[in-house]
$ cat input28.tsv   # TSV, C-alpha atoms
chain	number	residue	atom	x	y	z
A	13	MET	CA	-160.35	-27.91	33.76
A	14	LYS	CA	-156.98	-26.79	35.05
A	15	GLU	CA	-156.97	-29.59	37.62
A	16	ASN	CA	-157.64	-32.03	34.83
A	17	THR	CA	-154.66	-31.00	32.70
A	18	ARG	CA	-152.41	-31.07	35.77
A	19	GLY	CA	-153.61	-34.59	36.56
A	20	LYS	CA	-152.89	-35.65	32.99
A	21	MET	CA	-149.43	-34.13	33.14
A	22	LEU	CA	-148.63	-35.98	36.38
A	23	LYS	CA	-149.92	-39.26	35.00
A	24	LYS	CA	-147.82	-38.84	31.88
A	25	ALA	CA	-144.68	-38.17	33.91
A	26	PHE	CA	-145.39	-41.16	36.15
A	27	ARG	CA	-145.93	-43.46	33.17
A	28	ALA	CA	-142.67	-42.31	31.61
A	29	ALA	CA	-140.74	-42.68	34.88
A	30	PHE	CA	-141.98	-46.07	36.07
A	31	PRO	CA	-140.33	-48.37	33.47
A	32	HIS	CA	-136.93	-46.85	34.29
A	33	THR	CA	-137.33	-47.95	37.91
A	34	ILE	CA	-138.21	-51.61	37.29
A	35	PRO	CA	-134.65	-52.90	37.84
A	36	ILE	CA	-134.50	-50.82	41.03
A	37	PHE	CA	-137.78	-52.37	42.14
A	38	ALA	CA	-136.18	-55.82	42.01
A	39	GLY	CA	-132.88	-54.65	43.48
A	40	PHE	CA	-134.20	-52.44	46.26
A	41	LEU	CA	-136.91	-54.81	47.38
A	42	PHE	CA	-134.28	-57.52	47.69
A	43	LEU	CA	-131.62	-55.33	49.31
A	44	GLY	CA	-134.22	-53.62	51.50
A	45	ILE	CA	-135.50	-56.95	52.77
A	46	THR	CA	-131.90	-58.06	53.37
A	47	TYR	CA	-131.31	-54.87	55.34
A	48	GLY	CA	-134.52	-55.30	57.33
A	49	ILE	CA	-133.61	-58.90	58.18
A	50	TYR	CA	-130.09	-57.79	59.15
A	51	MET	CA	-131.58	-55.22	61.56
A	52	ASN	CA	-134.05	-57.78	62.84
A	53	VAL	CA	-131.41	-60.40	63.64
A	54	SER	CA	-129.18	-57.67	65.14
A	55	GLY	CA	-131.92	-57.17	67.71
A	56	PHE	CA	-133.63	-54.01	66.46
A	57	SER	CA	-137.36	-53.49	66.48
A	58	PHE	CA	-139.01	-53.17	63.04
A	59	TRP	CA	-139.41	-49.41	63.35
A	60	TYR	CA	-135.62	-48.85	63.17
A	61	PRO	CA	-135.19	-50.05	59.56
A	62	MET	CA	-138.43	-48.25	58.64
A	63	LEU	CA	-137.26	-44.96	60.13
A	64	MET	CA	-133.75	-45.27	58.68
A	65	SER	CA	-134.91	-46.19	55.17
A	66	LEU	CA	-137.23	-43.17	55.17
A	67	THR	CA	-134.79	-40.60	56.54
A	68	VAL	CA	-131.35	-41.75	55.36
A	69	PHE	CA	-132.13	-43.49	52.04
A	70	ALA	CA	-128.53	-44.46	51.33
A	71	GLY	CA	-128.12	-48.24	51.37
A	72	SER	CA	-124.51	-48.85	52.32
A	73	VAL	CA	-124.41	-46.35	55.17
A	74	GLU	CA	-127.57	-47.83	56.68
A	75	PHE	CA	-125.87	-51.20	57.07
A	76	VAL	CA	-122.89	-49.50	58.71
A	77	ALA	CA	-125.22	-47.47	60.95
A	78	ALA	CA	-126.65	-50.71	62.32
A	79	ASN	CA	-123.19	-51.47	63.71
A	80	MET	CA	-122.81	-47.95	65.08
A	81	LEU	CA	-126.12	-48.26	66.91
A	82	LEU	CA	-124.94	-51.47	68.56
A	83	GLY	CA	-121.71	-49.89	69.82
A	84	ALA	CA	-120.97	-47.10	72.25
A	85	PHE	CA	-122.29	-43.55	71.78
A	86	HIS	CA	-119.93	-41.71	69.38
A	87	PRO	CA	-122.03	-39.15	67.48
A	88	LEU	CA	-119.10	-37.32	65.86
A	89	GLN	CA	-117.59	-40.57	64.68
A	90	ALA	CA	-120.99	-41.51	63.20
A	91	LEU	CA	-121.01	-38.21	61.33
A	92	ALA	CA	-117.43	-38.62	60.05
A	93	VAL	CA	-117.97	-42.20	58.85
A	94	THR	CA	-121.19	-41.17	57.09
A	95	LEU	CA	-119.46	-38.27	55.35
A	96	MET	CA	-116.72	-40.61	54.15
A	97	ILE	CA	-119.01	-43.35	52.84
A	98	ASN	CA	-121.31	-40.86	51.13
A	99	ALA	CA	-118.69	-38.47	49.77
A	100	ARG	CA	-119.47	-39.69	46.24
A	101	HIS	CA	-122.78	-37.79	46.44
A	102	LEU	CA	-120.74	-34.59	46.08
A	103	PHE	CA	-119.90	-35.69	42.54
A	104	TYR	CA	-123.57	-36.39	41.84
A	105	GLY	CA	-124.55	-32.94	43.05
A	106	ILE	CA	-121.96	-31.23	40.86
A	107	SER	CA	-123.26	-33.24	37.88
A	108	MET	CA	-126.91	-32.43	38.61
A	109	LEU	CA	-126.56	-28.66	39.22
A	110	ASP	CA	-128.01	-27.98	35.75
A	111	LYS	CA	-130.50	-30.84	35.47
A	112	TYR	CA	-132.25	-30.08	38.77
A	113	ARG	CA	-132.44	-26.36	37.92
A	114	GLY	CA	-135.94	-24.91	37.58
A	115	THR	CA	-137.76	-27.81	39.24
A	116	GLY	CA	-139.28	-25.62	41.97
A	117	LEU	CA	-139.88	-27.03	45.43
A	118	LYS	CA	-139.48	-30.55	44.10
A	119	LYS	CA	-135.76	-29.81	43.95
A	120	ILE	CA	-135.46	-30.24	47.72
A	121	TYR	CA	-136.86	-33.76	47.52
A	122	LEU	CA	-134.82	-34.55	44.39
A	123	ILE	CA	-131.62	-33.69	46.27
A	124	PHE	CA	-132.77	-35.44	49.46
A	125	GLY	CA	-133.42	-38.65	47.53
A	126	MET	CA	-130.32	-38.53	45.31
A	127	CYS	CA	-129.02	-42.05	45.96
A	128	ASP	CA	-126.73	-43.83	43.45
A	129	GLU	CA	-129.69	-45.23	41.54
A	130	SER	CA	-131.85	-42.07	41.42
A	131	PHE	CA	-128.83	-40.06	40.27
A	132	SER	CA	-127.89	-42.60	37.59
A	133	ILE	CA	-131.39	-42.75	36.11
A	134	ASN	CA	-132.09	-39.04	36.31
A	135	TYR	CA	-128.75	-38.22	34.75
A	136	THR	CA	-128.93	-40.67	31.83
A	137	ALA	CA	-132.66	-41.14	31.04
A	138	LYS	CA	-133.84	-39.65	27.79
A	139	ILE	CA	-137.02	-37.95	28.97
A	140	PRO	CA	-139.58	-38.08	26.13
A	141	GLU	CA	-140.77	-34.88	24.48
A	142	GLY	CA	-143.81	-33.41	26.22
A	143	VAL	CA	-143.09	-35.04	29.60
A	144	ASP	CA	-142.40	-32.66	32.47
A	145	ARG	CA	-138.72	-33.10	33.42
A	146	GLY	CA	-139.14	-32.10	37.04
A	147	TRP	CA	-142.02	-34.50	37.70
A	148	PHE	CA	-140.30	-37.31	35.78
A	149	MET	CA	-137.25	-37.05	38.04
A	150	PHE	CA	-139.49	-36.62	41.08
A	151	PHE	CA	-141.34	-39.87	40.36
A	152	VAL	CA	-138.10	-41.77	39.68
A	153	THR	CA	-136.80	-40.64	43.08
A	154	LEU	CA	-140.10	-41.25	44.88
A	155	LEU	CA	-140.58	-44.75	43.42
A	156	ASN	CA	-137.02	-45.73	44.37
A	157	HIS	CA	-137.58	-44.37	47.87
A	158	CYS	CA	-140.84	-46.39	48.16
A	159	TYR	CA	-139.18	-49.63	47.01
A	160	TRP	CA	-136.39	-49.23	49.53
A	161	PHE	CA	-138.82	-48.40	52.35
A	162	MET	CA	-141.11	-51.32	51.45
A	163	GLY	CA	-138.19	-53.74	51.42
A	164	ALA	CA	-136.77	-52.50	54.72
A	165	ALA	CA	-140.21	-52.60	56.38
A	166	LEU	CA	-140.96	-56.13	55.12
A	167	GLY	CA	-137.55	-57.40	56.21
A	168	GLY	CA	-137.83	-55.68	59.59
A	169	ILE	CA	-141.31	-56.99	60.34
A	170	PHE	CA	-141.13	-60.49	58.91
A	171	GLY	CA	-137.36	-60.89	59.15
A	172	SER	CA	-137.33	-64.04	61.20
A	173	PHE	CA	-139.97	-65.79	59.07
A	174	ILE	CA	-138.83	-64.95	55.57
A	175	ARG	CA	-137.23	-67.86	53.77
A	176	PHE	CA	-136.94	-67.54	50.05
A	177	ASN	CA	-134.17	-68.33	47.66
A	178	THR	CA	-132.97	-65.12	46.06
A	179	GLU	CA	-129.28	-65.93	46.06
A	180	GLY	CA	-127.54	-63.79	43.45
A	181	LEU	CA	-130.41	-61.33	42.92
A	182	ASP	CA	-128.24	-58.52	44.26
A	183	PHE	CA	-126.35	-58.68	40.96
A	184	VAL	CA	-129.23	-56.71	39.44
A	185	MET	CA	-127.58	-53.52	40.76
A	186	THR	CA	-124.20	-54.34	39.22
A	187	ALA	CA	-125.93	-55.16	35.91
A	188	MET	CA	-127.74	-51.83	36.00
A	189	PHE	CA	-124.59	-49.80	36.57
A	190	VAL	CA	-122.82	-51.73	33.79
A	191	VAL	CA	-125.66	-50.85	31.39
A	192	ILE	CA	-125.63	-47.20	32.47
A	193	PHE	CA	-121.86	-47.11	32.04
A	194	MET	CA	-122.27	-48.54	28.52
A	195	GLU	CA	-125.07	-46.12	27.60
A	196	GLN	CA	-122.82	-43.25	28.65
A	197	TRP	CA	-119.99	-44.76	26.57
A	198	MET	CA	-122.16	-45.21	23.47
A	199	LYS	CA	-123.21	-41.55	23.61
A	200	GLY	CA	-119.62	-40.25	23.58
A	201	GLU	CA	-117.50	-39.74	20.50
A	202	HIS	CA	-114.61	-42.12	19.87
A	203	MET	CA	-111.87	-41.34	22.42
A	204	GLY	CA	-113.47	-37.96	23.10
A	205	PRO	CA	-113.73	-36.41	26.60
A	206	ASP	CA	-116.51	-38.82	27.68
A	207	HIS	CA	-114.48	-41.89	26.76
A	208	ILE	CA	-111.35	-40.59	28.49
A	209	SER	CA	-113.44	-39.90	31.60
A	210	SER	CA	-115.06	-43.38	31.48
A	211	LEU	CA	-111.68	-45.09	31.17
A	212	MET	CA	-110.22	-42.98	33.97
A	213	GLY	CA	-113.17	-43.84	36.20
A	214	ILE	CA	-112.68	-47.58	35.74
A	215	GLY	CA	-108.87	-47.53	35.66
A	216	LEU	CA	-108.20	-45.29	38.66
A	217	SER	CA	-110.90	-47.04	40.74
A	218	VAL	CA	-109.40	-50.47	40.00
A	219	VAL	CA	-105.91	-49.24	40.93
A	220	CYS	CA	-107.19	-47.67	44.17
A	221	LEU	CA	-109.18	-50.81	45.01
A	222	ALA	CA	-106.03	-52.91	44.55
A	223	VAL	CA	-103.92	-50.54	46.66
A	224	PHE	CA	-106.32	-49.49	49.44
A	225	GLY	CA	-108.71	-52.45	49.62
A	226	ALA	CA	-112.52	-52.62	49.64
A	227	GLU	CA	-113.08	-50.51	52.76
A	228	GLY	CA	-110.76	-47.61	52.00
A	229	PHE	CA	-110.63	-47.14	48.23
A	230	MET	CA	-113.52	-44.74	47.58
A	231	ILE	CA	-111.95	-41.49	48.82
A	232	PRO	CA	-108.55	-42.09	47.13
A	233	ALA	CA	-110.37	-43.10	43.94
A	234	MET	CA	-112.48	-39.93	44.00
A	235	ALA	CA	-109.39	-37.81	44.65
A	236	ALA	CA	-107.53	-39.51	41.79
A	237	ILE	CA	-110.44	-38.98	39.39
A	238	LEU	CA	-110.77	-35.35	40.43
A	239	GLY	CA	-107.02	-34.82	40.04
A	240	GLY	CA	-106.89	-36.54	36.66
A	241	LEU	CA	-109.81	-34.58	35.24
A	242	THR	CA	-108.38	-31.33	36.60
A	243	LEU	CA	-105.02	-31.99	34.94
A	244	LEU	CA	-106.77	-32.72	31.63
A	245	ARG	CA	-109.02	-29.69	31.80
A	246	ARG	CA	-107.29	-27.91	28.94
A	247	PRO	CA	-107.63	-30.67	26.29
A	248	LEU	CA	-110.95	-32.12	27.53
A	249	GLY	CA	-112.65	-28.80	28.28
A	250	LYS	CA	-112.40	-27.78	24.64
A	251	GLY	CA	-114.28	-30.93	23.73
A	252	GLY	CA	-111.23	-32.56	22.22
A	253	GLY	CA	-109.81	-35.94	23.11
A	254	LEU	CA	-106.29	-37.16	23.65
A	255	VAL	CA	-106.01	-39.53	20.71
B	34	MET	CA	-127.97	-52.19	73.38
B	35	LYS	CA	-125.38	-50.01	75.04
B	36	MET	CA	-127.05	-46.71	74.12
B	37	THR	CA	-130.21	-45.15	75.47
B	38	LEU	CA	-133.04	-44.50	73.00
B	39	ALA	CA	-132.21	-40.78	72.94
B	40	GLN	CA	-128.56	-41.55	72.14
B	41	GLN	CA	-129.63	-43.89	69.35
B	42	LEU	CA	-131.94	-41.28	67.86
B	43	PHE	CA	-129.15	-38.71	68.06
B	44	THR	CA	-126.83	-41.14	66.23
B	45	ILE	CA	-129.47	-41.60	63.51
B	46	VAL	CA	-129.79	-37.81	63.23
B	47	MET	CA	-126.00	-37.62	62.70
B	48	VAL	CA	-126.20	-40.21	59.90
B	49	VAL	CA	-129.07	-38.29	58.28
B	50	LEU	CA	-127.14	-35.03	58.65
B	51	GLY	CA	-123.97	-36.52	57.13
B	52	THR	CA	-125.87	-37.97	54.17
B	53	MET	CA	-127.76	-34.74	53.53
B	54	LEU	CA	-124.58	-32.67	53.76
B	55	THR	CA	-123.00	-34.70	50.95
B	56	ARG	CA	-126.16	-34.37	48.83
B	57	PHE	CA	-127.02	-30.69	49.41
B	58	LEU	CA	-123.56	-29.13	49.65
B	59	PRO	CA	-122.92	-28.57	45.90
B	60	PHE	CA	-126.37	-26.99	45.51
B	61	LEU	CA	-125.79	-24.70	48.50
B	62	VAL	CA	-122.30	-23.62	47.41
B	63	PHE	CA	-123.34	-23.08	43.78
B	64	PRO	CA	-126.94	-21.79	43.95
B	65	ALA	CA	-129.05	-21.70	40.78
B	66	GLY	CA	-129.28	-17.90	40.81
B	67	LYS	CA	-125.51	-17.31	40.52
B	68	THR	CA	-123.20	-18.25	37.67
B	69	THR	CA	-121.36	-21.46	38.46
B	70	PRO	CA	-117.55	-21.18	38.12
B	71	GLY	CA	-116.16	-22.55	34.86
B	72	TYR	CA	-114.16	-25.23	36.63
B	73	ILE	CA	-117.28	-26.62	38.34
B	74	GLN	CA	-119.25	-26.49	35.07
B	75	TYR	CA	-116.40	-28.43	33.44
B	76	LEU	CA	-116.49	-31.02	36.26
B	77	GLY	CA	-120.28	-31.33	35.96
B	78	LYS	CA	-119.78	-32.27	32.31
B	79	VAL	CA	-116.84	-34.67	32.54
B	80	LEU	CA	-117.40	-36.28	35.96
B	81	PRO	CA	-120.45	-38.50	35.25
B	82	PRO	CA	-118.77	-41.01	32.88
B	83	ALA	CA	-115.98	-41.50	35.45
B	84	VAL	CA	-118.52	-41.76	38.28
B	85	PHE	CA	-120.38	-44.58	36.48
B	86	GLY	CA	-117.04	-46.37	36.09
B	87	LEU	CA	-116.41	-45.88	39.81
B	88	LEU	CA	-119.86	-47.29	40.62
B	89	VAL	CA	-119.23	-50.44	38.55
B	90	VAL	CA	-115.96	-51.03	40.42
B	91	TYR	CA	-117.75	-50.21	43.70
B	92	CYS	CA	-120.27	-53.01	43.02
B	93	MET	CA	-117.38	-55.44	42.52
B	94	LYS	CA	-115.39	-54.36	45.57
B	95	ASN	CA	-116.15	-57.44	47.64
B	96	VAL	CA	-115.33	-59.98	44.92
B	97	ASN	CA	-112.61	-62.39	46.02
B	98	TRP	CA	-110.20	-62.49	43.06
B	99	LEU	CA	-107.58	-64.72	44.67
B	100	GLY	CA	-109.83	-67.35	46.22
B	101	GLY	CA	-113.37	-68.71	46.01
B	102	SER	CA	-114.77	-68.39	42.51
B	103	HIS	CA	-112.11	-65.78	41.49
B	104	GLY	CA	-114.75	-63.36	40.25
B	105	ILE	CA	-115.55	-65.62	37.29
B	106	PRO	CA	-119.38	-65.55	37.82
B	107	GLU	CA	-119.26	-61.73	37.98
B	108	LEU	CA	-117.07	-61.30	34.88
B	109	LEU	CA	-119.08	-63.84	32.86
B	110	SER	CA	-122.38	-62.19	33.79
B	111	ILE	CA	-121.03	-58.72	32.99
B	112	ALA	CA	-120.01	-60.10	29.59
B	113	VAL	CA	-123.60	-61.32	29.10
B	114	VAL	CA	-124.96	-57.88	30.09
B	115	ALA	CA	-122.56	-56.16	27.69
B	116	GLY	CA	-123.23	-58.62	24.85
B	117	LEU	CA	-127.00	-58.30	25.18
B	118	HIS	CA	-126.76	-54.54	25.37
B	119	VAL	CA	-124.60	-54.22	22.26
B	120	TRP	CA	-126.93	-56.63	20.44
B	121	LYS	CA	-130.40	-55.33	21.38
B	122	ARG	CA	-129.73	-52.13	23.37
B	123	GLN	CA	-132.78	-52.82	25.57
B	124	MET	CA	-131.84	-51.78	29.11
B	125	LEU	CA	-134.26	-54.08	30.94
B	126	LEU	CA	-133.37	-57.08	28.78
B	127	SER	CA	-129.62	-56.61	29.36
B	128	ILE	CA	-130.09	-56.21	33.12
B	129	ALA	CA	-132.51	-59.15	33.46
B	130	GLY	CA	-130.39	-61.42	31.22
B	131	GLY	CA	-127.19	-60.75	33.16
B	132	THR	CA	-128.89	-61.16	36.53
B	133	VAL	CA	-130.54	-64.47	35.61
B	134	CYS	CA	-127.18	-65.66	34.26
B	135	TYR	CA	-125.49	-64.72	37.55
B	136	MET	CA	-128.17	-66.42	39.68
B	137	LEU	CA	-127.84	-69.62	37.64
B	138	ILE	CA	-124.03	-69.66	37.87
B	139	VAL	CA	-123.83	-69.10	41.64
B	140	ARG	CA	-126.40	-71.83	42.26
B	141	PHE	CA	-125.47	-74.55	39.84
B	142	ALA	CA	-121.86	-74.06	38.83

$ encode --input "input28.tsv" --output "structure tokens"
Amino acid sequence: MKENTRGKMLKKAFRAAFPHTIPIFAGFLFLGITYGIYMNVSGFSFWYPMLMSLTVFAGSVEFVAANMLLGAFHPLQALAVTLMINARHLFYGISMLDKYRGTGLKKIYLIFGMCDESFSINYTAKIPEGVDRGWFMFFVTLLNHCYWFMGAALGGIFGSFIRFNTEGLDFVMTAMFVVIFMEQWMKGEHMGPDHISSLMGIGLSVVCLAVFGAEGFMIPAMAAILGGLTLLRRPLGKGGGLV
Amino acid sequence: MKMTLAQQLFTIVMVVLGTMLTRFLPFLVFPAGKTTPGYIQYLGKVLPPAVFGLLVVYCMKNVNWLGGSHGIPELLSIAVVAGLHVWKRQMLLSIAGGTVCYMLIVRFA
């Protein structure tokens, strides 16, 4: 009897989680296959992209790691570059401290699998009443992880044979972040703290991108956002806006 | 391949370690059992909207504004995503509509 209710609860959480991951299914399968093919043509055996997609599960750094693996042995440099590319995860962690609370052992996997997409969905999704929060977020993370692994494995194994026209499909990720950005905007009050933060995020990132270029803008942008929000703590922290 | 297999595996371990450090650090520094400092609680509340803005810009970082298509396919498709989302507010529809629009533009325009 108890097993039965647990099974029902899991099924319910899975059913609630799956639709949220459909855009990621398209995006990750495509990007994963691209990554697998990239590894394949770089001369790696198929088990490299499979191993990396399982253990790292952070798209951009996996592409960079392919280059590191082709070069000379510089483990500390590999660590430093990874920390720099993935520094944005620190912001995700700070934002999820509350939401991941009380999820038991699942929390370890939730944090392990906290890529851009898992974080974005788990932070914004309105989890329906009666669905277990912890399992919902667990399935979102697990499904995303599976899509990425499947893509990387397919690309790695069949890399040299795959020919299909998916030009432009990678835009699905941009479209998803635009929608999530808008959802966040629509939830906030007019020119309240959320709106100020949204505008700062876009504005400061654009300025840093223009100044530092595509490869070096993330860390300055994060520092600028952190600095800006810290300076505005007094007005924004009270829940007030600036206008 | 310049590295031995062991050196490659060690490099992969470093990449895993770096990624996990960035993901686990906030949870290790501010464990669930202890009260989180007010400043960090404040950041947890106000950071996400800015982070989503950062992610949108991050997706556009390789767009060539001065040459090529000048980012016009991207901006047009984002406008379609935004328009659909304001109109219907159906996440999947907005994402699919914008992506199809982008795929059509980069192929046929």

$ interface_residues --input "input28.tsv" --of "chain B" --to "chain A" --cutoff "6 Å" --atoms "only C-alpha atoms" --output "JSON list (two decimals) with C-alpha atoms, keeping the file's coordinate frame"
[["chain", "number", "residue", "atom", "x", "y", "z"],
["B", 34, "MET", "CA", -127.97, -52.19, 73.38],
["B", 35, "LYS", "CA", -125.38, -50.01, 75.04],
["B", 44, "THR", "CA", -126.83, -41.14, 66.23],
["B", 47, "MET", "CA", -126.00, -37.62, 62.70],
["B", 48, "VAL", "CA", -126.20, -40.21, 59.90],
["B", 49, "VAL", "CA", -129.07, -38.29, 58.28],
["B", 51, "GLY", "CA", -123.97, -36.52, 57.13],
["B", 55, "THR", "CA", -123.00, -34.70, 50.95],
["B", 56, "ARG", "CA", -126.16, -34.37, 48.83],
["B", 59, "PRO", "CA", -122.92, -28.57, 45.90],
["B", 77, "GLY", "CA", -120.28, -31.33, 35.96],
["B", 82, "PRO", "CA", -118.77, -41.01, 32.88],
["B", 83, "ALA", "CA", -115.98, -41.50, 35.45],
["B", 85, "PHE", "CA", -120.38, -44.58, 36.48],
["B", 86, "GLY", "CA", -117.04, -46.37, 36.09],
["B", 87, "LEU", "CA", -116.41, -45.88, 39.81],
["B", 89, "VAL", "CA", -119.23, -50.44, 38.55],
["B", 92, "CYS", "CA", -120.27, -53.01, 43.02],
["B", 94, "LYS", "CA", -115.39, -54.36, 45.57],
["B", 128, "ILE", "CA", -130.09, -56.21, 33.12],
["B", 132, "THR", "CA", -128.89, -61.16, 36.53],
["B", 136, "MET", "CA", -128.17, -66.42, 39.68]]

$ closest_residue --input "input28.tsv" --among "A:Pro247, A:Gly142, A:Gly240, A:Gly167" --to "Leu22 of chain A" --atoms "all atoms listed in the file"
A:Gly142

$ atom_distance --input "input28.tsv" --atom1 "atom CA of Gly168 of chain A" --atom2 "atom CA of Phe37 of chain A"
17.8 Å

$ residues_near_point --input "input28.tsv" --point "(-117.0, -24.5, 41.0)" --cutoff "9 Å" --atoms "all atoms listed in the file" --output "list in words"
Ile106 of chain A; Pro59, Val62, Phe63, Thr69, Pro70, Gly71, Tyr72, Ile73, Gln74, Tyr75 and Leu76 of chain B

$ atom_distance --input "input28.tsv" --atom1 "atom CA of Gly130 of chain B" --atom2 "atom CA of Val114 of chain B"
6.6 Å

$ atom_distance --input "input28.tsv" --atom1 "atom CA of Arg246 of chain A" --atom2 "atom CA of Pro232 of chain A"
23.1 Å

$ axis_aligned_box --input "input28.tsv" --around "segment 83-89 of chain A" --padding-each-side "4 Å" --output "AutoDock Vina command-line options"
--center_x -119.9 --center_y -43.6 --center_z 68.5 --size_x 12.7 --size_y 20.6 --size_z 15.6

$ closest_residue --input "input28.tsv" --among "B:Met53, B:Val90, B:Met124, B:Val133" --to "Ser110 of chain B" --atoms "only C-alpha atoms"
B:Val133

$ residues_around --input "input28.tsv" --residues "segment 152-162 of chain A" --least-positions-apart "3" --cutoff "7 Å" --atoms "only C-alpha atoms" --output "PDB file with C-alpha atoms, in the frame of the given file"
ATOM      1  CA  ALA A  29    -140.740 -42.680  34.880  1.00  0.00           C
ATOM      2  CA  PHE A  30    -141.980 -46.070  36.070  1.00  0.00           C
ATOM      3  CA  THR A  33    -137.330 -47.950  37.910  1.00  0.00           C
ATOM      4  CA  ILE A  36    -134.500 -50.820  41.030  1.00  0.00           C
ATOM      5  CA  PHE A  37    -137.780 -52.370  42.140  1.00  0.00           C
ATOM      6  CA  PHE A  40    -134.200 -52.440  46.260  1.00  0.00           C
ATOM      7  CA  LEU A  41    -136.910 -54.810  47.380  1.00  0.00           C
ATOM      8  CA  GLY A  44    -134.220 -53.620  51.500  1.00  0.00           C
ATOM      9  CA  MET A  62    -138.430 -48.250  58.640  1.00  0.00           C
ATOM     10  CA  SER A  65    -134.910 -46.190  55.170  1.00  0.00           C
ATOM     11  CA  LEU A  66    -137.230 -43.170  55.170  1.00  0.00           C
ATOM     12  CA  PHE A  69    -132.130 -43.490  52.040  1.00  0.00           C
ATOM     13  CA  LEU A 122    -134.820 -34.550  44.390  1.00  0.00           C
ATOM     14  CA  GLY A 125    -133.420 -38.650  47.530  1.00  0.00           C
ATOM     15  CA  SER A 130    -131.850 -42.070  41.420  1.00  0.00           C
ATOM     16  CA  PHE A 148    -140.300 -37.310  35.780  1.00  0.00           C
ATOM     17  CA  MET A 149    -137.250 -37.050  38.040  1.00  0.00           C
ATOM     18  CA  ALA A 165    -140.210 -52.600  56.380  1.00  0.00           C
ATOM     19  CA  LEU A 166    -140.960 -56.130  55.120  1.00  0.00           C
TER      20      LEU A 166
END

$ closest_residue --input "input28.tsv" --among "A:Ile169, A:Ala28, A:Leu243, A:Val223" --to "Ile45 of chain A" --atoms "all atoms listed in the file"
A:Ile169

$ decode --input "input28.tsv" --residues "segment 209-220 of chain A" --atoms "N, CA, C and O atoms" --output "PDB file, in the first residue's frame"
ATOM      1  N   SER A 209      16.521  44.841 -11.094  1.00  0.00           N
ATOM      2  CA  SER A 209      17.512  43.778 -11.227  1.00  0.00           C
ATOM      3  C   SER A 209      17.566  43.255 -12.665  1.00  0.00           C
ATOM      4  O   SER A 209      18.648  43.055 -13.224  1.00  0.00           O
ATOM      5  N   SER A 210      16.396  43.042 -13.293  1.00  0.00           N
ATOM      6  CA  SER A 210      16.350  42.579 -14.683  1.00  0.00           C
ATOM      7  C   SER A 210      17.087  43.549 -15.595  1.00  0.00           C
ATOM      8  O   SER A 210      17.918  43.147 -16.423  1.00  0.00           O
ATOM      9  N   LEU A 211      16.787  44.832 -15.444  1.00  0.00           N
ATOM     10  CA  LEU A 211      17.389  45.853 -16.307  1.00  0.00           C
ATOM     11  C   LEU A 211      18.891  45.936 -16.085  1.00  0.00           C
ATOM     12  O   LEU A 211      19.663  46.078 -17.040  1.00  0.00           O
ATOM     13  N   MET A 212      19.313  45.809 -14.807  1.00  0.00           N
ATOM     14  CA  MET A 212      20.743  45.822 -14.523  1.00  0.00           C
ATOM     15  C   MET A 212      21.438  44.623 -15.155  1.00  0.00           C
ATOM     16  O   MET A 212      22.540  44.738 -15.691  1.00  0.00           O
ATOM     17  N   GLY A 213      20.768  43.469 -15.088  1.00  0.00           N
ATOM     18  CA  GLY A 213      21.344  42.250 -15.667  1.00  0.00           C
ATOM     19  C   GLY A 213      21.611  42.417 -17.149  1.00  0.00           C
ATOM     20  O   GLY A 213      22.702  42.106 -17.645  1.00  0.00           O
ATOM     21  N   ILE A 214      20.612  42.910 -17.883  1.00  0.00           N
ATOM     22  CA  ILE A 214      20.776  43.116 -19.321  1.00  0.00           C
ATOM     23  C   ILE A 214      21.787  44.234 -19.586  1.00  0.00           C
ATOM     24  O   ILE A 214      22.758  44.046 -20.335  1.00  0.00           O
ATOM     25  N   GLY A 215      21.576  45.372 -18.949  1.00  0.00           N
ATOM     26  CA  GLY A 215      22.386  46.566 -19.227  1.00  0.00           C
ATOM     27  C   GLY A 215      23.865  46.350 -18.942  1.00  0.00           C
ATOM     28  O   GLY A 215      24.714  46.578 -19.810  1.00  0.00           O
ATOM     29  N   LEU A 216      24.180  45.882 -17.727  1.00  0.00           N
ATOM     30  CA  LEU A 216      25.580  45.724 -17.346  1.00  0.00           C
ATOM     31  C   LEU A 216      26.259  44.635 -18.189  1.00  0.00           C
ATOM     32  O   LEU A 216      27.424  44.766 -18.544  1.00  0.00           O
ATOM     33  N   SER A 217      25.494  43.570 -18.527  1.00  0.00           N
ATOM     34  CA  SER A 217      26.080  42.501 -19.347  1.00  0.00           C
ATOM     35  C   SER A 217      26.402  43.020 -20.743  1.00  0.00           C
ATOM     36  O   SER A 217      27.449  42.691 -21.314  1.00  0.00           O
ATOM     37  N   VAL A 218      25.492  43.832 -21.321  1.00  0.00           N
ATOM     38  CA  VAL A 218      25.729  44.375 -22.661  1.00  0.00           C
ATOM     39  C   VAL A 218      26.969  45.281 -22.642  1.00  0.00           C
ATOM     40  O   VAL A 218      27.840  45.178 -23.510  1.00  0.00           O
ATOM     41  N   VAL A 219      27.062  46.131 -21.610  1.00  0.00           N
ATOM     42  CA  VAL A 219      28.217  47.032 -21.511  1.00  0.00           C
ATOM     43  C   VAL A 219      29.506  46.217 -21.400  1.00  0.00           C
ATOM     44  O   VAL A 219      30.485  46.461 -22.108  1.00  0.00           O
ATOM     45  N   CYS A 220      29.496  45.188 -20.533  1.00  0.00           N
ATOM     46  CA  CYS A 220      30.704  44.376 -20.343  1.00  0.00           C
ATOM     47  C   CYS A 220      31.056  43.592 -21.603  1.00  0.00           C
ATOM     48  O   CYS A 220      32.230  43.421 -21.929  1.00  0.00           O
TER      49      CYS A 220
END
